[in-house]
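Student: What follows is the file data13.cif, containing mmCIF, N, CA and C atoms:
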```
data_target
#
loop_
_atom_site.label_atom_id
_atom_site.label_comp_id
_atom_site.auth_asym_id
_atom_site.auth_seq_id
_atom_site.Cartn_x
_atom_site.Cartn_y
_atom_site.Cartn_z
N MET A 13 -4.50 12.77 4.33
CA MET A 13 -3.41 13.37 3.60
C MET A 13 -3.58 13.12 2.12
N GLY A 14 -3.38 11.92 1.65
CA GLY A 14 -3.64 11.67 0.24
C GLY A 14 -2.63 10.77 -0.42
N ALA A 15 -2.79 10.67 -1.74
CA ALA A 15 -1.95 9.78 -2.52
C ALA A 15 -0.46 10.15 -2.40
N TYR A 16 -0.17 11.43 -2.24
CA TYR A 16 1.24 11.84 -2.13
C TYR A 16 1.92 11.15 -0.95
N GLU A 17 1.27 11.12 0.20
CA GLU A 17 1.87 10.52 1.39
C GLU A 17 2.02 9.01 1.23
N ILE A 18 1.03 8.37 0.60
CA ILE A 18 1.13 6.93 0.33
C ILE A 18 2.31 6.67 -0.60
N ASP A 19 2.43 7.49 -1.64
CA ASP A 19 3.54 7.33 -2.58
C ASP A 19 4.88 7.63 -1.91
N LEU A 20 4.91 8.62 -1.04
CA LEU A 20 6.14 8.93 -0.30
C LEU A 20 6.55 7.75 0.57
N PHE A 21 5.59 7.15 1.25
CA PHE A 21 5.86 5.97 2.07
C PHE A 21 6.48 4.87 1.21
N ASN A 22 5.87 4.58 0.07
CA ASN A 22 6.36 3.51 -0.80
C ASN A 22 7.71 3.86 -1.42
N HIS A 23 7.91 5.13 -1.74
CA HIS A 23 9.21 5.58 -2.26
C HIS A 23 10.29 5.39 -1.19
N ASN A 24 9.98 5.80 0.03
CA ASN A 24 10.96 5.67 1.11
C ASN A 24 11.34 4.22 1.37
N LEU A 25 10.41 3.30 1.17
CA LEU A 25 10.77 1.88 1.31
C LEU A 25 11.92 1.52 0.39
N SER A 26 11.92 2.10 -0.78
CA SER A 26 12.92 1.78 -1.79
C SER A 26 14.26 2.46 -1.56
N VAL A 27 14.24 3.71 -1.12
CA VAL A 27 15.47 4.50 -1.09
C VAL A 27 16.09 4.70 0.29
N ASP A 28 15.35 4.37 1.34
CA ASP A 28 15.82 4.65 2.69
C ASP A 28 15.89 3.35 3.51
N PRO A 29 17.07 2.71 3.56
CA PRO A 29 17.20 1.43 4.27
C PRO A 29 16.79 1.51 5.75
N GLU A 30 17.05 2.64 6.40
CA GLU A 30 16.69 2.79 7.81
C GLU A 30 15.16 2.83 7.97
N PHE A 31 14.50 3.58 7.09
CA PHE A 31 13.04 3.65 7.10
C PHE A 31 12.46 2.26 6.85
N ARG A 32 12.96 1.58 5.83
CA ARG A 32 12.48 0.24 5.47
C ARG A 32 12.65 -0.72 6.65
N ALA A 33 13.81 -0.71 7.28
CA ALA A 33 14.05 -1.60 8.42
C ALA A 33 13.08 -1.29 9.55
N GLY A 34 12.83 -0.01 9.79
CA GLY A 34 11.89 0.38 10.84
C GLY A 34 10.48 -0.09 10.54
N ILE A 35 10.03 0.07 9.31
CA ILE A 35 8.69 -0.38 8.92
C ILE A 35 8.58 -1.89 9.08
N LEU A 36 9.57 -2.62 8.59
CA LEU A 36 9.53 -4.08 8.68
C LEU A 36 9.58 -4.56 10.13
N ALA A 37 10.19 -3.77 11.00
CA ALA A 37 10.27 -4.13 12.42
C ALA A 37 9.06 -3.62 13.21
N GLY A 38 8.19 -2.86 12.55
CA GLY A 38 7.02 -2.31 13.24
C GLY A 38 7.34 -1.13 14.14
N ASP A 39 8.41 -0.43 13.84
CA ASP A 39 8.85 0.71 14.64
C ASP A 39 7.91 1.91 14.46
N GLU A 40 7.33 2.38 15.55
CA GLU A 40 6.39 3.50 15.50
C GLU A 40 7.04 4.77 14.96
N HIS A 41 8.31 4.99 15.26
CA HIS A 41 9.00 6.18 14.76
C HIS A 41 9.02 6.18 13.22
N ALA A 42 9.30 5.05 12.62
CA ALA A 42 9.31 4.96 11.16
C ALA A 42 7.91 5.21 10.60
N TRP A 43 6.91 4.58 11.22
CA TRP A 43 5.53 4.76 10.75
C TRP A 43 5.09 6.21 10.86
N SER A 44 5.45 6.87 11.93
CA SER A 44 4.98 8.24 12.14
C SER A 44 5.81 9.27 11.38
N SER A 45 6.86 8.84 10.70
CA SER A 45 7.68 9.79 9.94
C SER A 45 7.00 10.26 8.65
N VAL A 46 5.92 9.58 8.26
CA VAL A 46 5.13 10.00 7.10
C VAL A 46 3.72 10.31 7.62
N GLU A 47 3.20 11.49 7.24
CA GLU A 47 1.88 11.91 7.71
C GLU A 47 0.78 11.15 6.98
N LEU A 48 0.29 10.09 7.62
CA LEU A 48 -0.76 9.28 7.03
C LEU A 48 -2.04 9.43 7.84
N THR A 49 -3.17 9.36 7.16
CA THR A 49 -4.44 9.32 7.88
C THR A 49 -4.57 7.93 8.50
N PRO A 50 -5.44 7.76 9.47
CA PRO A 50 -5.65 6.42 10.03
C PRO A 50 -6.04 5.39 8.97
N ASP A 51 -6.87 5.79 8.00
CA ASP A 51 -7.26 4.86 6.93
C ASP A 51 -6.08 4.48 6.05
N GLU A 52 -5.23 5.45 5.72
CA GLU A 52 -4.05 5.18 4.90
C GLU A 52 -3.09 4.25 5.63
N ARG A 53 -2.86 4.54 6.89
CA ARG A 53 -1.96 3.69 7.65
C ARG A 53 -2.50 2.27 7.76
N ALA A 54 -3.79 2.14 8.04
CA ALA A 54 -4.40 0.81 8.14
C ALA A 54 -4.26 0.06 6.82
N ALA A 55 -4.48 0.76 5.71
CA ALA A 55 -4.37 0.11 4.40
C ALA A 55 -2.93 -0.34 4.14
N LEU A 56 -1.96 0.47 4.55
CA LEU A 56 -0.56 0.08 4.37
C LEU A 56 -0.18 -1.05 5.31
N GLU A 57 -0.60 -0.97 6.56
CA GLU A 57 -0.28 -2.04 7.52
C GLU A 57 -0.90 -3.36 7.10
N ASN A 58 -2.12 -3.30 6.55
CA ASN A 58 -2.83 -4.51 6.12
C ASN A 58 -2.57 -4.86 4.67
N VAL A 59 -1.74 -4.06 4.03
CA VAL A 59 -1.39 -4.21 2.62
C VAL A 59 -2.66 -4.41 1.78
N ASP A 60 -3.58 -3.47 1.93
CA ASP A 60 -4.83 -3.48 1.17
C ASP A 60 -4.57 -2.77 -0.16
N VAL A 61 -4.01 -3.52 -1.09
CA VAL A 61 -3.58 -2.96 -2.37
C VAL A 61 -4.75 -2.33 -3.12
N ALA A 62 -5.90 -2.98 -3.09
CA ALA A 62 -7.07 -2.45 -3.80
C ALA A 62 -7.45 -1.08 -3.24
N TRP A 63 -7.49 -0.94 -1.93
CA TRP A 63 -7.84 0.35 -1.31
C TRP A 63 -6.81 1.41 -1.67
N LEU A 64 -5.54 1.07 -1.55
CA LEU A 64 -4.48 2.02 -1.84
C LEU A 64 -4.55 2.48 -3.30
N TYR A 65 -4.71 1.55 -4.20
CA TYR A 65 -4.79 1.88 -5.62
C TYR A 65 -6.02 2.73 -5.91
N ALA A 66 -7.14 2.37 -5.30
CA ALA A 66 -8.39 3.12 -5.50
C ALA A 66 -8.28 4.55 -4.98
N HIS A 67 -7.40 4.77 -4.00
CA HIS A 67 -7.23 6.10 -3.42
C HIS A 67 -6.04 6.85 -4.01
N GLY A 68 -5.60 6.41 -5.20
CA GLY A 68 -4.64 7.18 -5.96
C GLY A 68 -3.18 6.81 -5.83
N ALA A 69 -2.87 5.74 -5.10
CA ALA A 69 -1.46 5.35 -4.97
C ALA A 69 -0.91 4.94 -6.34
N ASN A 70 0.32 5.32 -6.58
CA ASN A 70 1.00 4.99 -7.82
C ASN A 70 1.26 3.49 -7.87
N ASP A 71 0.82 2.83 -8.94
CA ASP A 71 0.95 1.37 -9.02
C ASP A 71 2.42 0.93 -9.07
N PHE A 72 3.28 1.72 -9.69
CA PHE A 72 4.70 1.37 -9.71
C PHE A 72 5.28 1.39 -8.30
N LEU A 73 4.97 2.44 -7.53
CA LEU A 73 5.49 2.53 -6.16
C LEU A 73 4.87 1.48 -5.24
N LEU A 74 3.63 1.07 -5.53
CA LEU A 74 3.01 0.01 -4.73
C LEU A 74 3.79 -1.30 -4.82
N HIS A 75 4.52 -1.48 -5.91
CA HIS A 75 5.35 -2.68 -6.05
C HIS A 75 6.32 -2.84 -4.88
N ASN A 76 6.72 -1.73 -4.27
CA ASN A 76 7.68 -1.80 -3.17
C ASN A 76 7.13 -2.56 -1.97
N LEU A 77 5.80 -2.61 -1.84
CA LEU A 77 5.22 -3.36 -0.72
C LEU A 77 5.59 -4.84 -0.82
N PHE A 78 5.46 -5.44 -2.00
CA PHE A 78 5.83 -6.85 -2.12
C PHE A 78 7.33 -7.01 -2.37
N ARG A 79 7.95 -6.04 -2.99
CA ARG A 79 9.39 -6.11 -3.23
C ARG A 79 10.16 -6.28 -1.92
N PHE A 80 9.70 -5.57 -0.88
CA PHE A 80 10.38 -5.63 0.41
C PHE A 80 9.61 -6.45 1.44
N GLY A 81 8.52 -7.08 1.05
CA GLY A 81 7.81 -8.00 1.92
C GLY A 81 7.05 -7.35 3.06
N VAL A 82 6.58 -6.12 2.86
CA VAL A 82 5.79 -5.46 3.91
C VAL A 82 4.55 -6.30 4.18
N GLY A 83 4.33 -6.64 5.42
CA GLY A 83 3.16 -7.42 5.79
C GLY A 83 3.12 -8.82 5.20
N GLY A 84 4.25 -9.29 4.69
CA GLY A 84 4.30 -10.62 4.10
C GLY A 84 3.63 -10.70 2.73
N VAL A 85 3.36 -9.56 2.12
CA VAL A 85 2.68 -9.54 0.83
C VAL A 85 3.55 -10.13 -0.27
N THR A 86 2.90 -10.78 -1.22
CA THR A 86 3.60 -11.38 -2.36
C THR A 86 3.10 -10.73 -3.65
N ILE A 87 3.74 -11.04 -4.76
CA ILE A 87 3.30 -10.53 -6.05
C ILE A 87 1.87 -10.97 -6.34
N GLU A 88 1.52 -12.18 -5.94
CA GLU A 88 0.17 -12.68 -6.18
C GLU A 88 -0.87 -11.83 -5.43
N HIS A 89 -0.55 -11.45 -4.20
CA HIS A 89 -1.44 -10.60 -3.40
C HIS A 89 -1.59 -9.24 -4.07
N TYR A 90 -0.50 -8.70 -4.55
CA TYR A 90 -0.52 -7.40 -5.23
C TYR A 90 -1.44 -7.46 -6.45
N VAL A 91 -1.26 -8.49 -7.28
CA VAL A 91 -2.05 -8.62 -8.50
C VAL A 91 -3.52 -8.79 -8.16
N ARG A 92 -3.84 -9.61 -7.16
CA ARG A 92 -5.25 -9.77 -6.74
C ARG A 92 -5.84 -8.44 -6.32
N GLY A 93 -5.07 -7.64 -5.60
CA GLY A 93 -5.56 -6.34 -5.14
C GLY A 93 -5.85 -5.39 -6.29
N ILE A 94 -4.94 -5.34 -7.26
CA ILE A 94 -5.15 -4.48 -8.41
C ILE A 94 -6.36 -4.97 -9.21
N LYS A 95 -6.45 -6.28 -9.40
CA LYS A 95 -7.59 -6.83 -10.15
C LYS A 95 -8.90 -6.58 -9.41
N ALA A 96 -8.88 -6.67 -8.09
CA ALA A 96 -10.10 -6.43 -7.31
C ALA A 96 -10.58 -5.01 -7.52
N HIS A 97 -9.66 -4.10 -7.71
CA HIS A 97 -10.05 -2.71 -7.97
C HIS A 97 -10.49 -2.52 -9.42
N LEU A 98 -9.76 -3.09 -10.36
CA LEU A 98 -10.04 -2.85 -11.77
C LEU A 98 -11.23 -3.62 -12.30
N THR A 99 -11.43 -4.83 -11.86
CA THR A 99 -12.50 -5.68 -12.39
C THR A 99 -13.87 -5.02 -12.30
N PRO A 100 -14.26 -4.45 -11.17
CA PRO A 100 -15.58 -3.80 -11.12
C PRO A 100 -15.72 -2.68 -12.14
N HIS A 101 -14.64 -1.97 -12.41
CA HIS A 101 -14.70 -0.88 -13.38
C HIS A 101 -14.91 -1.42 -14.79
N LEU A 102 -14.40 -2.61 -15.04
CA LEU A 102 -14.54 -3.22 -16.36
C LEU A 102 -15.90 -3.87 -16.54
N THR A 103 -16.47 -4.39 -15.45
CA THR A 103 -17.74 -5.10 -15.51
C THR A 103 -18.92 -4.24 -15.13
N GLY A 104 -18.67 -3.09 -14.51
CA GLY A 104 -19.76 -2.22 -14.05
C GLY A 104 -20.26 -2.59 -12.67
N ALA A 105 -19.68 -3.60 -12.05
CA ALA A 105 -20.08 -4.02 -10.70
C ALA A 105 -19.43 -3.11 -9.67
N GLU A 106 -19.98 -3.08 -8.47
CA GLU A 106 -19.39 -2.33 -7.36
C GLU A 106 -18.23 -3.12 -6.78
N PRO A 107 -17.11 -2.46 -6.40
CA PRO A 107 -15.99 -3.17 -5.77
C PRO A 107 -16.40 -3.71 -4.41
N GLU A 108 -15.81 -4.84 -4.05
CA GLU A 108 -16.07 -5.41 -2.74
C GLU A 108 -15.25 -4.67 -1.71
N PRO A 109 -15.87 -4.25 -0.60
CA PRO A 109 -15.11 -3.52 0.46
C PRO A 109 -14.03 -4.42 1.06
N GLY A 110 -12.85 -3.83 1.27
CA GLY A 110 -11.75 -4.54 1.91
C GLY A 110 -11.19 -5.67 1.08
N HIS A 111 -11.50 -5.69 -0.19
CA HIS A 111 -11.03 -6.78 -1.05
C HIS A 111 -9.67 -6.44 -1.59
N GLY A 112 -8.61 -6.98 -0.98
CA GLY A 112 -7.28 -6.62 -1.42
C GLY A 112 -6.33 -7.62 -1.05
#
```
I need this file expressed as structure tokens, please.
Tutor:
Amino acid sequence: MGAYEIDLFNHNLSVDPEFRAGILAGDEHAWSSVELTPDERAALENVDVAWLYAHGANDFLLHNLFRFGVGGVTIEHYVRGIKAHLTPHLTGAEPEPGHG
């Protein structure tokens, strides 16, 4: 699907308490209410911030993952994920796979 669906998922965490409760409870109905590819869903379930950011997710909306504690993620995890994506671009190195 793409960055739009990832951003929609993160937006819904913020504005839709029923959706947020379903996601936090692992409810399949909530998860399937947004059309995500298997890779996108895996990245959201595993809170792979680096992957999500690298695939176009809005960094402001990604904050909702730690704001609402999806997957137990913290601000520190979020920052590490963003840095894992940005650092290779600054140094010219290749990003580490699954580093988030």
Student: To one decimal place, how far is atom N of Lys95 of chain A from atom N of Leu73 of chain A in Å?
Tutor: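 Separating atom N of Lys95 of chain A from atom N of Leu73 of chain A is a distance of 14.5 Å.
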Student: Taking a cut-off of 12 Å and counting only C-alpha atoms, can you build a table that, for each residue of segment 25-64 of chain A near segment 68-71 of chain A, reports the nearest atom pair and how far apart they are in Å (one decimal), sorted by chain then residue number, as JSON lines?
Tutor:
```
{"residue": "A:Glu52", "atom": "CA", "partner": "A:Ala69", "partner_atom": "CA", "distance": 10.2}
{"residue": "A:Ala55", "atom": "CA", "partner": "A:Ala69", "partner_atom": "CA", "distance": 11.1}
{"residue": "A:Leu56", "atom": "CA", "partner": "A:Ala69", "partner_atom": "CA", "distance": 10.8}
{"residue": "A:Asp60", "atom": "CA", "partner": "A:Ala69", "partner_atom": "CA", "distance": 11.3}
{"residue": "A:Val61", "atom": "CA", "partner": "A:Ala69", "partner_atom": "CA", "distance": 9.0}
{"residue": "A:Ala62", "atom": "CA", "partner": "A:Ala69", "partner_atom": "CA", "distance": 9.7}
{"residue": "A:Trp63", "atom": "CA", "partner": "A:Gly68", "partner_atom": "CA", "distance": 8.9}
{"residue": "A:Leu64", "atom": "CA", "partner": "A:Ala69", "partner_atom": "CA", "distance": 5.5}
```
Student: Ranking A:Ile87, A:Ile35, A:Val27, A:Leu48 by minimum distance to Gly14 of chain A and counting only N, CA and C atoms, which one comes first?
Tutor: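 Residue with the minimum atom-to-atom distance to Gly14 of chain A: A:Leu48.
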Student: Give me the result of the PyMOL selection byres (((chain A and resi 45 and name CA) around 12) and name CA) on this file, residue by residue, as an NGL selection string.
Tutor: :A and (17-18 or 20-21 or 24 or 30-32 or 34-35 or 39-44 or 46-48 or 53)
Student: For the selection just defined, write its residues with N, CA and C atoms to a file, as a JSON list (two decimals), in the frame of the given file.
Tutor:
```json
[["chain", "number", "residue", "atom", "x", "y", "z"],
["A", 17, "GLU", "N", 1.27, 11.12, 0.20],
["A", 17, "GLU", "CA", 1.87, 10.52, 1.39],
["A", 17, "GLU", "C", 2.02, 9.01, 1.23],
["A", 18, "ILE", "N", 1.03, 8.37, 0.60],
["A", 18, "ILE", "CA", 1.13, 6.93, 0.33],
["A", 18, "ILE", "C", 2.31, 6.67, -0.60],
["A", 20, "LEU", "N", 4.91, 8.62, -1.04],
["A", 20, "LEU", "CA", 6.14, 8.93, -0.30],
["A", 20, "LEU", "C", 6.55, 7.75, 0.57],
["A", 21, "PHE", "N", 5.59, 7.15, 1.25],
["A", 21, "PHE", "CA", 5.86, 5.97, 2.07],
["A", 21, "PHE", "C", 6.48, 4.87, 1.21],
["A", 24, "ASN", "N", 9.98, 5.80, 0.03],
["A", 24, "ASN", "CA", 10.96, 5.67, 1.11],
["A", 24, "ASN", "C", 11.34, 4.22, 1.37],
["A", 30, "GLU", "N", 17.05, 2.64, 6.40],
["A", 30, "GLU", "CA", 16.69, 2.79, 7.81],
["A", 30, "GLU", "C", 15.16, 2.83, 7.97],
["A", 31, "PHE", "N", 14.50, 3.58, 7.09],
["A", 31, "PHE", "CA", 13.04, 3.65, 7.10],
["A", 31, "PHE", "C", 12.46, 2.26, 6.85],
["A", 32, "ARG", "N", 12.96, 1.58, 5.83],
["A", 32, "ARG", "CA", 12.48, 0.24, 5.47],
["A", 32, "ARG", "C", 12.65, -0.72, 6.65],
["A", 34, "GLY", "N", 12.83, -0.01, 9.79],
["A", 34, "GLY", "CA", 11.89, 0.38, 10.84],
["A", 34, "GLY", "C", 10.48, -0.09, 10.54],
["A", 35, "ILE", "N", 10.03, 0.07, 9.31],
["A", 35, "ILE", "CA", 8.69, -0.38, 8.92],
["A", 35, "ILE", "C", 8.58, -1.89, 9.08],
["A", 39, "ASP", "N", 8.41, -0.43, 13.84],
["A", 39, "ASP", "CA", 8.85, 0.71, 14.64],
["A", 39, "ASP", "C", 7.91, 1.91, 14.46],
["A", 40, "GLU", "N", 7.33, 2.38, 15.55],
["A", 40, "GLU", "CA", 6.39, 3.50, 15.50],
["A", 40, "GLU", "C", 7.04, 4.77, 14.96],
["A", 41, "HIS", "N", 8.31, 4.99, 15.26],
["A", 41, "HIS", "CA", 9.00, 6.18, 14.76],
["A", 41, "HIS", "C", 9.02, 6.18, 13.22],
["A", 42, "ALA", "N", 9.30, 5.05, 12.62],
["A", 42, "ALA", "CA", 9.31, 4.96, 11.16],
["A", 42, "ALA", "C", 7.91, 5.21, 10.60],
["A", 43, "TRP", "N", 6.91, 4.58, 11.22],
["A", 43, "TRP", "CA", 5.53, 4.76, 10.75],
["A", 43, "TRP", "C", 5.09, 6.21, 10.86],
["A", 44, "SER", "N", 5.45, 6.87, 11.93],
["A", 44, "SER", "CA", 4.98, 8.24, 12.14],
["A", 44, "SER", "C", 5.81, 9.27, 11.38],
["A", 46, "VAL", "N", 5.92, 9.58, 8.26],
["A", 46, "VAL", "CA", 5.13, 10.00, 7.10],
["A", 46, "VAL", "C", 3.72, 10.31, 7.62],
["A", 47, "GLU", "N", 3.20, 11.49, 7.24],
["A", 47, "GLU", "CA", 1.88, 11.91, 7.71],
["A", 47, "GLU", "C", 0.78, 11.15, 6.98],
["A", 48, "LEU", "N", 0.29, 10.09, 7.62],
["A", 48, "LEU", "CA", -0.76, 9.28, 7.03],
["A", 48, "LEU", "C", -2.04, 9.43, 7.84],
["A", 53, "ARG", "N", -2.86, 4.54, 6.89],
["A", 53, "ARG", "CA", -1.96, 3.69, 7.65],
["A", 53, "ARG", "C", -2.50, 2.27, 7.76]]
```
Student: Which residue, A:Gly38, A:Gly93, A:Arg79, A:Pro29, has the smallest gap to Glu57 of chain A when you use only C-alpha atoms?
Tutor: A:Gly38
Student: Which distance in Å separates atom N of Leu36 of chain A and atom CA of Leu98 of chain A, to one decimal?
Tutor: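 Atom-to-atom, atom N of Leu36 of chain A to atom CA of Leu98 of chain A, that is 28.3 Å.
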Student: Between A:Phe78, A:His97, A:Gly84, A:Asp51, which is the closest to Ala66 of chain A once you count only N, CA and C atoms?
Tutor: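 Nearest to Ala66 of chain A: A:His97.
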Student: Between A:Ala37, A:Leu77, A:Ala54, A:Val85, which residue has the minimum interatomic distance to Leu25 of chain A, considering all atoms listed in the file?
Tutor: A:Leu77
Student: Using all atoms listed in the file, find the one residue out of A:Ala96, A:Tyr16, A:Thr49, A:Tyr90 that sits nearest to Leu74 of chain A.
Tutor: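 Nearest to Leu74 of chain A: A:Tyr90.
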Student: By how many Å are atom N of Tyr65 of chain A and atom CA of Ala15 of chain A apart?
Tutor: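 Distance between the two atoms: 8.8 Å.
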Student: Please identify the alpha helix (DSSP H) residues within chain A (assignment by DSSP from backbone atoms) and present them as a VMD selection string.
Tutor: chain A and resid 15 to 27 29 to 37 40 to 44 50 to 57 61 to 66 71 to 79 87 to 103
Student: Keeping just C-alpha atoms, export segment 15-106 of chain A of this structure as a CSV table (one decimal), in the first residue's frame.
Tutor:
```
chain,number,residue,atom,x,y,z
A,15,ALA,CA,3.2,5.6,3.3
A,16,TYR,CA,-0.4,6.8,3.3
A,17,GLU,CA,-1.7,3.6,5.0
A,18,ILE,CA,1.1,3.7,7.6
A,19,ASP,CA,0.3,7.4,8.3
A,20,LEU,CA,-3.4,6.6,8.4
A,21,PHE,CA,-2.7,3.9,11.0
A,22,ASN,CA,-0.6,6.3,13.1
A,23,HIS,CA,-3.2,9.1,12.7
A,24,ASN,CA,-6.0,6.7,13.8
A,25,LEU,CA,-4.0,5.9,17.0
A,26,SER,CA,-4.3,9.5,17.9
A,27,VAL,CA,-7.9,10.3,17.0
A,28,ASP,CA,-9.8,7.0,17.3
A,29,PRO,CA,-9.9,5.6,20.9
A,30,GLU,CA,-11.7,2.4,19.8
A,31,PHE,CA,-9.1,1.8,17.1
A,32,ARG,CA,-6.3,2.5,19.6
A,33,ALA,CA,-7.7,0.2,22.2
A,34,GLY,CA,-8.1,-2.6,19.6
A,35,ILE,CA,-4.5,-2.2,18.4
A,36,LEU,CA,-3.2,-2.2,22.0
A,37,ALA,CA,-5.3,-5.3,22.7
A,38,GLY,CA,-4.0,-7.1,19.5
A,39,ASP,CA,-7.5,-7.2,18.0
A,40,GLU,CA,-7.4,-8.5,14.4
A,41,HIS,CA,-10.4,-6.4,13.4
A,42,ALA,CA,-8.6,-3.2,14.4
A,43,TRP,CA,-5.4,-4.3,12.5
A,44,SER,CA,-7.3,-5.2,9.4
A,45,SER,CA,-9.3,-1.9,9.3
A,46,VAL,CA,-6.2,-0.3,7.6
A,47,GLU,CA,-5.0,-1.9,4.3
A,48,LEU,CA,-1.4,-2.7,5.1
A,49,THR,CA,1.0,-4.9,3.2
A,50,PRO,CA,2.5,-7.8,5.3
A,51,ASP,CA,5.8,-5.9,5.5
A,52,GLU,CA,4.1,-2.7,6.7
A,53,ARG,CA,2.1,-4.6,9.3
A,54,ALA,CA,5.2,-6.5,10.5
A,55,ALA,CA,7.0,-3.2,10.8
A,56,LEU,CA,4.2,-1.6,12.8
A,57,GLU,CA,3.7,-4.7,15.0
A,58,ASN,CA,7.5,-4.8,15.7
A,59,VAL,CA,7.7,-1.0,15.9
A,60,ASP,CA,10.5,-1.0,13.4
A,61,VAL,CA,10.8,2.8,13.3
A,62,ALA,CA,13.8,2.8,11.0
A,63,TRP,CA,11.9,0.7,8.4
A,64,LEU,CA,8.8,2.8,8.7
A,65,TYR,CA,10.6,6.0,8.3
A,66,ALA,CA,12.7,4.7,5.4
A,67,HIS,CA,9.5,3.7,3.6
A,68,GLY,CA,8.0,7.2,3.9
A,69,ALA,CA,6.1,7.3,7.2
A,70,ASN,CA,5.6,10.8,8.5
A,71,ASP,CA,7.9,11.3,11.5
A,72,PHE,CA,5.4,13.4,13.4
A,73,LEU,CA,2.7,10.7,13.1
A,74,LEU,CA,5.3,8.0,14.0
A,75,HIS,CA,5.4,9.7,17.4
A,76,ASN,CA,2.0,8.1,18.1
A,77,LEU,CA,3.6,4.7,18.4
A,78,PHE,CA,5.5,5.7,21.5
A,79,ARG,CA,2.9,8.2,22.7
A,80,PHE,CA,0.4,5.4,23.1
A,81,GLY,CA,2.9,2.6,23.9
A,82,VAL,CA,2.3,0.4,20.8
A,83,GLY,CA,4.5,-2.6,21.3
A,84,GLY,CA,6.0,-1.1,24.5
A,85,VAL,CA,8.0,1.3,22.4
A,86,THR,CA,9.6,4.3,24.2
A,87,ILE,CA,10.9,7.7,23.1
A,88,GLU,CA,14.4,6.2,23.2
A,89,HIS,CA,13.4,3.4,20.9
A,90,TYR,CA,11.9,5.9,18.5
A,91,VAL,CA,15.0,8.1,18.5
A,92,ARG,CA,17.3,5.1,17.9
A,93,GLY,CA,15.1,4.0,15.0
A,94,ILE,CA,15.3,7.4,13.3
A,95,LYS,CA,19.0,7.7,13.9
A,96,ALA,CA,19.5,4.2,12.5
A,97,HIS,CA,17.9,5.4,9.3
A,98,LEU,CA,19.5,8.8,9.1
A,99,THR,CA,23.1,8.0,10.2
A,100,PRO,CA,24.0,5.9,7.1
A,101,HIS,CA,22.8,8.8,4.9
A,102,LEU,CA,25.0,11.2,6.8
A,103,THR,CA,28.1,8.8,6.8
A,104,GLY,CA,27.6,7.2,3.4
A,105,ALA,CA,27.3,3.7,5.0
A,106,GLU,CA,24.6,1.2,4.2
```
